[in-house]
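Containing PDB, C-alpha atoms: data.pdb.
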```
ATOM      1  CA  MET Y   1     163.829  15.733  81.914
ATOM      2  CA  ARG Y   2     164.638  18.441  84.426
ATOM      3  CA  THR Y   3     165.989  18.046  87.930
ATOM      4  CA  ILE Y   4     164.443  20.311  90.547
ATOM      5  CA  THR Y   5     165.948  20.588  93.996
ATOM      6  CA  GLY Y   6     164.995  22.071  97.346
ATOM      7  CA  LEU Y   7     166.906  22.491 100.609
ATOM      8  CA  TYR Y   8     164.924  22.431 103.849
ATOM      9  CA  ASP Y   9     166.027  23.247 107.377
ATOM     10  CA  SER Y  10     163.378  20.892 108.751
ATOM     11  CA  TYR Y  11     163.213  17.210 107.876
ATOM     12  CA  ASP Y  12     159.449  17.361 108.403
ATOM     13  CA  ASP Y  13     159.224  20.045 105.706
ATOM     14  CA  ALA Y  14     161.317  17.927 103.338
ATOM     15  CA  LYS Y  15     159.188  14.874 104.071
ATOM     16  CA  ALA Y  16     156.028  16.865 103.352
ATOM     17  CA  ALA Y  17     157.519  17.964 100.022
ATOM     18  CA  VAL Y  18     158.270  14.345  99.076
ATOM     19  CA  LYS Y  19     154.734  13.265  99.915
ATOM     20  CA  ALA Y  20     153.262  16.182  97.972
ATOM     21  CA  LEU Y  21     155.349  15.266  94.912
ATOM     22  CA  GLU Y  22     154.153  11.664  95.132
ATOM     23  CA  ASN Y  23     150.538  12.793  95.594
ATOM     24  CA  ALA Y  24     150.890  14.895  92.439
ATOM     25  CA  GLY Y  25     151.737  11.737  90.500
ATOM     26  CA  ILE Y  26     155.518  12.000  90.316
ATOM     27  CA  PRO Y  27     156.836   8.438  90.679
ATOM     28  CA  SER Y  28     158.843   7.631  93.804
ATOM     29  CA  ASP Y  29     161.585   6.352  91.508
ATOM     30  CA  ASP Y  30     162.075   9.930  90.274
ATOM     31  CA  ILE Y  31     162.351  11.503  93.742
ATOM     32  CA  SER Y  32     165.243  11.508  96.218
ATOM     33  CA  ILE Y  33     165.776  12.733  99.749
ATOM     34  CA  VAL Y  34     169.012  13.101 101.729
ATOM     35  CA  THR Y  35     168.905  14.335 105.324
ATOM     36  CA  ASN Y  36     171.521  14.714 108.014
ATOM     37  CA  LYS Y  37     171.229  11.908 110.584
ATOM     38  CA  ALA Y  38     171.264  14.604 113.271
ATOM     39  CA  ASN Y  39     167.598  15.120 112.386
ATOM     40  CA  GLY Y  40     166.831  11.925 114.305
ATOM     41  CA  VAL Y  41     165.117  10.143 111.423
ATOM     42  CA  ASP Y  42     164.232   6.609 112.488
ATOM     43  CA  VAL Y  43     164.992   3.797 110.062
ATOM     44  CA  GLU Y  44     164.507   1.078 112.650
ATOM     45  CA  GLY Y  45     161.981  -1.583 111.834
ATOM     46  CA  GLN Y  46     162.437  -1.307 108.094
ATOM     47  CA  GLY Y  47     164.092  -4.692 107.850
ATOM     48  CA  ASN Y  48     166.828  -4.966 105.258
ATOM     49  CA  ARG Y  49     166.014  -1.494 103.976
ATOM     50  CA  ALA Y  50     168.034   0.046 106.791
ATOM     51  CA  ALA Y  51     171.700  -0.322 105.940
ATOM     52  CA  GLU Y  52     174.353  -1.207 108.465
ATOM     53  CA  GLY Y  53     177.601   0.617 109.022
ATOM     54  CA  ALA Y  54     176.559   4.242 108.557
ATOM     55  CA  GLY Y  55     179.431   5.424 110.717
ATOM     56  CA  THR Y  56     182.049   3.557 108.714
ATOM     57  CA  GLY Y  57     181.021   4.589 105.226
ATOM     58  CA  ALA Y  58     179.616   1.165 104.425
ATOM     59  CA  GLY Y  59     176.303   0.598 102.957
ATOM     60  CA  ILE Y  60     172.990   1.903 101.906
ATOM     61  CA  GLY Y  61     169.941  -0.268 101.957
ATOM     62  CA  ALA Y  62     167.083  -0.049  99.521
ATOM     63  CA  VAL Y  63     167.471   3.288  97.821
ATOM     64  CA  ALA Y  64     164.343   3.221  95.699
ATOM     65  CA  GLY Y  65     160.898   4.058  96.937
ATOM     66  CA  GLY Y  66     159.068   0.823  96.286
ATOM     67  CA  ALA Y  67     155.356   0.249  96.624
ATOM     68  CA  GLY Y  68     155.047   2.099  99.913
ATOM     69  CA  GLY Y  69     156.558   5.326  98.611
ATOM     70  CA  LEU Y  70     160.024   6.784  98.761
ATOM     71  CA  LEU Y  71     160.082   7.318 102.517
ATOM     72  CA  THR Y  72     159.610   3.588 103.207
ATOM     73  CA  GLY Y  73     162.956   2.946 101.526
ATOM     74  CA  LEU Y  74     165.141   5.066 103.766
ATOM     75  CA  GLY Y  75     168.576   3.717 104.589
ATOM     76  CA  MET Y  76     171.764   5.085 106.112
ATOM     77  CA  LEU Y  77     175.180   5.803 104.677
ATOM     78  CA  ALA Y  78     178.159   7.937 105.606
ATOM     79  CA  ILE Y  79     179.239  10.918 103.542
ATOM     80  CA  PRO Y  80     182.765  12.271 104.048
ATOM     81  CA  GLY Y  81     182.548  15.809 105.380
ATOM     82  CA  VAL Y  82     178.916  15.320 106.408
ATOM     83  CA  GLY Y  83     178.835  12.158 108.489
ATOM     84  CA  PRO Y  84     175.853   9.791 108.676
ATOM     85  CA  VAL Y  85     172.861  10.640 106.524
ATOM     86  CA  VAL Y  86     169.494   9.029 105.980
ATOM     87  CA  ALA Y  87     168.613   8.837 102.317
ATOM     88  CA  ALA Y  88     166.575   7.213  99.582
ATOM     89  CA  GLY Y  89     166.082   7.591  95.853
ATOM     90  CA  TRP Y  90     167.688   7.679  92.441
ATOM     91  CA  LEU Y  91     170.202  10.443  93.205
ATOM     92  CA  VAL Y  92     171.706   8.520  96.105
ATOM     93  CA  ALA Y  93     171.851   5.316  94.079
ATOM     94  CA  THR Y  94     173.586   7.167  91.249
ATOM     95  CA  ALA Y  95     175.992   8.928  93.572
ATOM     96  CA  ALA Y  96     176.980   5.821  95.456
ATOM     97  CA  GLY Y  97     176.989   3.526  92.463
ATOM     98  CA  ALA Y  98     174.745   1.467  94.693
ATOM     99  CA  VAL Y  99     172.115  -1.176  94.547
ATOM    100  CA  ALA Y 100     170.640  -2.632  97.716
ATOM    101  CA  GLY Y 101     173.458  -3.436 100.108
ATOM    102  CA  ALA Y 102     176.252  -1.971  97.982
ATOM    103  CA  VAL Y 103     179.190  -0.249  99.639
ATOM    104  CA  ALA Y 104     178.808   3.517  99.505
ATOM    105  CA  GLY Y 105     182.155   4.681 100.866
ATOM    106  CA  GLY Y 106     183.397   7.907  99.288
ATOM    107  CA  ALA Y 107     179.908   8.783  98.078
ATOM    108  CA  VAL Y 108     180.119  12.469  98.785
ATOM    109  CA  GLY Y 109     182.032  13.520  95.706
ATOM    110  CA  GLY Y 110     179.617  11.304  93.864
ATOM    111  CA  LEU Y 111     176.670  13.148  95.387
ATOM    112  CA  VAL Y 112     177.875  16.496  94.089
ATOM    113  CA  GLY Y 113     178.874  14.889  90.799
ATOM    114  CA  ALA Y 114     175.516  13.147  90.398
ATOM    115  CA  MET Y 115     173.700  16.435  90.929
ATOM    116  CA  VAL Y 116     175.869  18.161  88.339
ATOM    117  CA  GLU Y 117     175.405  15.298  85.882
ATOM    118  CA  SER Y 118     171.631  15.526  86.308
ATOM    119  CA  GLY Y 119     171.631  19.230  85.462
ATOM    120  CA  VAL Y 120     172.145  20.974  88.820
ATOM    121  CA  PRO Y 121     174.763  23.750  88.418
ATOM    122  CA  ASP Y 122     178.069  22.951  90.121
ATOM    123  CA  GLU Y 123     177.771  25.965  92.423
ATOM    124  CA  ASP Y 124     174.339  24.807  93.568
ATOM    125  CA  ALA Y 125     175.391  21.170  93.970
ATOM    126  CA  ASN Y 126     178.197  22.218  96.309
ATOM    127  CA  PHE Y 127     175.759  24.416  98.214
ATOM    128  CA  TYR Y 128     173.239  21.592  98.665
ATOM    129  CA  ALA Y 129     175.938  19.253  99.965
ATOM    130  CA  GLU Y 130     177.010  21.947 102.441
ATOM    131  CA  GLY Y 131     173.383  22.421 103.447
ATOM    132  CA  ILE Y 132     173.137  18.733 104.341
ATOM    133  CA  ARG Y 133     176.419  19.025 106.276
ATOM    134  CA  ARG Y 134     174.886  21.827 108.333
ATOM    135  CA  GLY Y 135     171.861  19.740 109.277
ATOM    136  CA  GLY Y 136     169.529  20.265 106.337
ATOM    137  CA  SER Y 137     167.522  18.005 104.071
ATOM    138  CA  VAL Y 138     167.625  18.015 100.263
ATOM    139  CA  VAL Y 139     164.778  16.820  98.037
ATOM    140  CA  THR Y 140     165.299  16.285  94.314
ATOM    141  CA  ALA Y 141     162.891  15.232  91.593
ATOM    142  CA  ARG Y 142     163.314  14.371  87.915
ATOM    143  CA  VAL Y 143     160.348  15.650  85.939
ATOM    144  CA  ASP Y 144     159.352  16.305  82.343
ATOM    145  CA  GLU Y 145     159.828  19.906  81.284
ATOM    146  CA  SER Y 146     156.047  20.348  81.185
ATOM    147  CA  ARG Y 147     155.812  19.421  84.881
ATOM    148  CA  ALA Y 148     158.767  21.477  86.090
ATOM    149  CA  ALA Y 149     156.789  24.572  87.118
ATOM    150  CA  PRO Y 150     154.134  22.634  89.081
ATOM    151  CA  ALA Y 151     156.858  20.571  90.760
ATOM    152  CA  GLU Y 152     158.740  23.737  91.738
ATOM    153  CA  ALA Y 153     155.505  25.065  93.231
ATOM    154  CA  ILE Y 154     155.156  21.857  95.241
ATOM    155  CA  LEU Y 155     158.689  22.227  96.626
ATOM    156  CA  ASN Y 156     157.844  25.817  97.546
ATOM    157  CA  SER Y 157     154.702  24.715  99.382
ATOM    158  CA  SER Y 158     156.995  23.629 102.238
ATOM    159  CA  PRO Y 159     159.296  26.273 103.799
ATOM    160  CA  ARG Y 160     162.161  25.985 101.320
ATOM    161  CA  VAL Y 161     165.543  27.659 101.831
ATOM    162  CA  ASN Y 162     166.258  30.606  99.529
ATOM    163  CA  VAL Y 163     169.428  29.400  97.810
ATOM    164  CA  ALA Y 164     170.889  32.790  96.878
ATOM    165  CA  GLU Y 165     170.317  34.318 100.309
ATOM    166  CA  ARG Y 166     171.585  31.300 102.252
ATOM    167  CA  ARG Y 167     174.635  30.944 100.014
ATOM    168  CA  ALA Y 168     175.433  34.612 100.662
ATOM    169  CA  ARG Y 169     175.213  33.929 104.410
ATOM    170  CA  TYR Y 170     177.605  30.989 104.032
ATOM    171  CA  ALA Y 171     179.991  33.186 102.018
ATOM    172  CA  GLN Y 172     179.971  35.793 104.791
ATOM    173  CA  GLN Y 173     181.306  33.047 107.051
ATOM    174  CA  GLY Y 174     184.142  32.337 104.598
ATOM    175  CA  TRP Y 175     182.566  29.363 102.826
ATOM    176  CA  THR Y 176     183.309  28.883  99.120
ATOM    177  CA  ARG Y 177     182.428  25.286  98.231
ATOM    178  CA  PHE Y 178     181.779  21.920  99.834
ATOM    179  CA  ASP Y 179     184.878  20.246 101.284
ATOM    180  CA  GLU Y 180     184.563  16.513 101.805
ATOM    181  CA  THR Y 181     187.772  16.513 103.869
ATOM    182  CA  ALA Y 182     186.249  18.848 106.472
ATOM    183  CA  ALA Y 183     185.097  17.509 109.801
ATOM    184  CA  PRO Y 184     181.345  16.876 109.984
ATOM    185  CA  TYR Y 185     179.328  19.372 111.989
ATOM    186  CA  THR Y 186     178.776  18.393 115.598
ATOM    187  CA  ALA Y 187     175.277  18.250 117.080
ATOM    188  CA  GLU Y 188     176.012  21.544 118.848
ATOM    189  CA  GLN Y 189     177.109  23.229 115.615
ATOM    190  CA  ILE Y 190     173.983  21.994 113.837
ATOM    191  CA  ALA Y 191     171.801  23.308 116.664
ATOM    192  CA  ALA Y 192     173.512  26.700 116.451
ATOM    193  CA  GLU Y 193     173.043  26.712 112.683
ATOM    194  CA  ARG Y 194     169.329  26.045 113.068
ATOM    195  CA  ASP Y 195     168.990  28.796 115.638
ATOM    196  CA  ARG Y 196     170.719  31.198 113.279
ATOM    197  CA  TYR Y 197     168.138  30.744 110.525
ATOM    198  CA  ARG Y 198     164.991  29.723 112.408
ATOM    199  CA  ALA Y 199     163.551  33.211 112.767
ATOM    200  CA  ASN Y 200     163.633  34.207 109.110
ATOM    201  CA  ARG Y 201     164.523  30.949 107.309
ATOM    202  CA  LEU Y 202     167.208  32.699 105.276
TER     203      LEU Y 202
END
```

Represent the supplied structure as structure tokens.
Amino acid sequence: MRTITGLYDSYDDAKAAVKALENAGIPSDDISIVTNKANGVDVEGQGNRAAEGAGTGAGIGAVAGGAGGLLTGLGMLAIPGVGPVVAAGWLVATAAGAVAGAVAGGAVGGLVGAMVESGVPDEDANFYAEGIRRGGSVVTARVDESRAAPAEAILNSSPRVNVAERRARYAQQGWTRFDETAAPYTAEQIAAERDRYRANRL
């Protein structure tokens, strides 16, 4: 199995990538999405799928896709250094050591660690975590080697962040790796970050 990953500045783009992966026959159980709560994703009305306590580090609801697809299983949790996120899927469950309703405090190191364990290079895993901190959305999928190229093409069908170019931009600002002890970005900082990259999506 290979793990493919994409960072998106827009939650709508990430959501479209998830749906395209599912439409291509990749099971929801093999897809994950993590998006900064600043994106305004609504998990209301999903019953016990929406976890309580996102601001305190407690809880993630149903983290698997289920019959309605991955996006019907969205729940909230808090990631140190990022703040509240909305997430679903195998990567989040692995990172948090969670099943439905499990406590997910301290999940951020686990998020980077889970990516690395699944085959994402450490440098990239730290970058993806930082991308979420700055308001982005990350989509991951586990696929057979034979399906890796088509799945990569699907992720590219939505406006996907160029990892090397964006990481270079972060480095110009003094960034080296994700720091879970850092303060989460404020709404104003996230807005400024989006403005910085909106024109050319670098």

Handout entry: Counting only C-alpha atoms, the option among Y:Ala125, Y:Val85, Y:Leu70, Y:Leu111 closest to Leu7 of chain Y
Key = Y:Ala125

Practice task
With the file shown as input, list the residues that the PyMOL selection byres ((chain Y and resi 2) around 10) selects, as number ranges by chain.
Solution key: Y: 1, 3-5, 118-120, 141-148

Handout entry: 7 Å contact set for segment 160-163 of chain Y, all atoms listed in the file, chain neighbours under 2 positions out, as a ChimeraX atom specification
Key = /Y:6-8,155-156,158,165-167,201-202

Problem - Result set of the PyMOL selection byres ((chain Y and resi 194) around 9) on the coordinates above, as a PyMOL selection string - result: chain Y and resi 9-10+134-136+189-193+195-198+201

Handout entry: Hits of the PyMOL selection byres ((chain Y and resi 84) around 7) in this structure, as a PyMOL selection string
Key = chain Y and resi 36-37+54-55+76-79+82-83+85-86

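Picture a line from atom CA of Trp90 of chain Y to atom CA of Gly25 of chain Y; it runs 16.6 Å.
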
Completion exercise
Separating atom CA of Ala149 of chain Y from atom CA of Lys15 of chain Y, to the nearest tenth of an Å, is a gap of 19.7 Å

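Distance check against Thr72 of chain Y using only C-alpha atoms: of Y:Arg133, Y:Arg177, Y:Arg169, Y:Lys19, the minimum falls on Y:Lys19.
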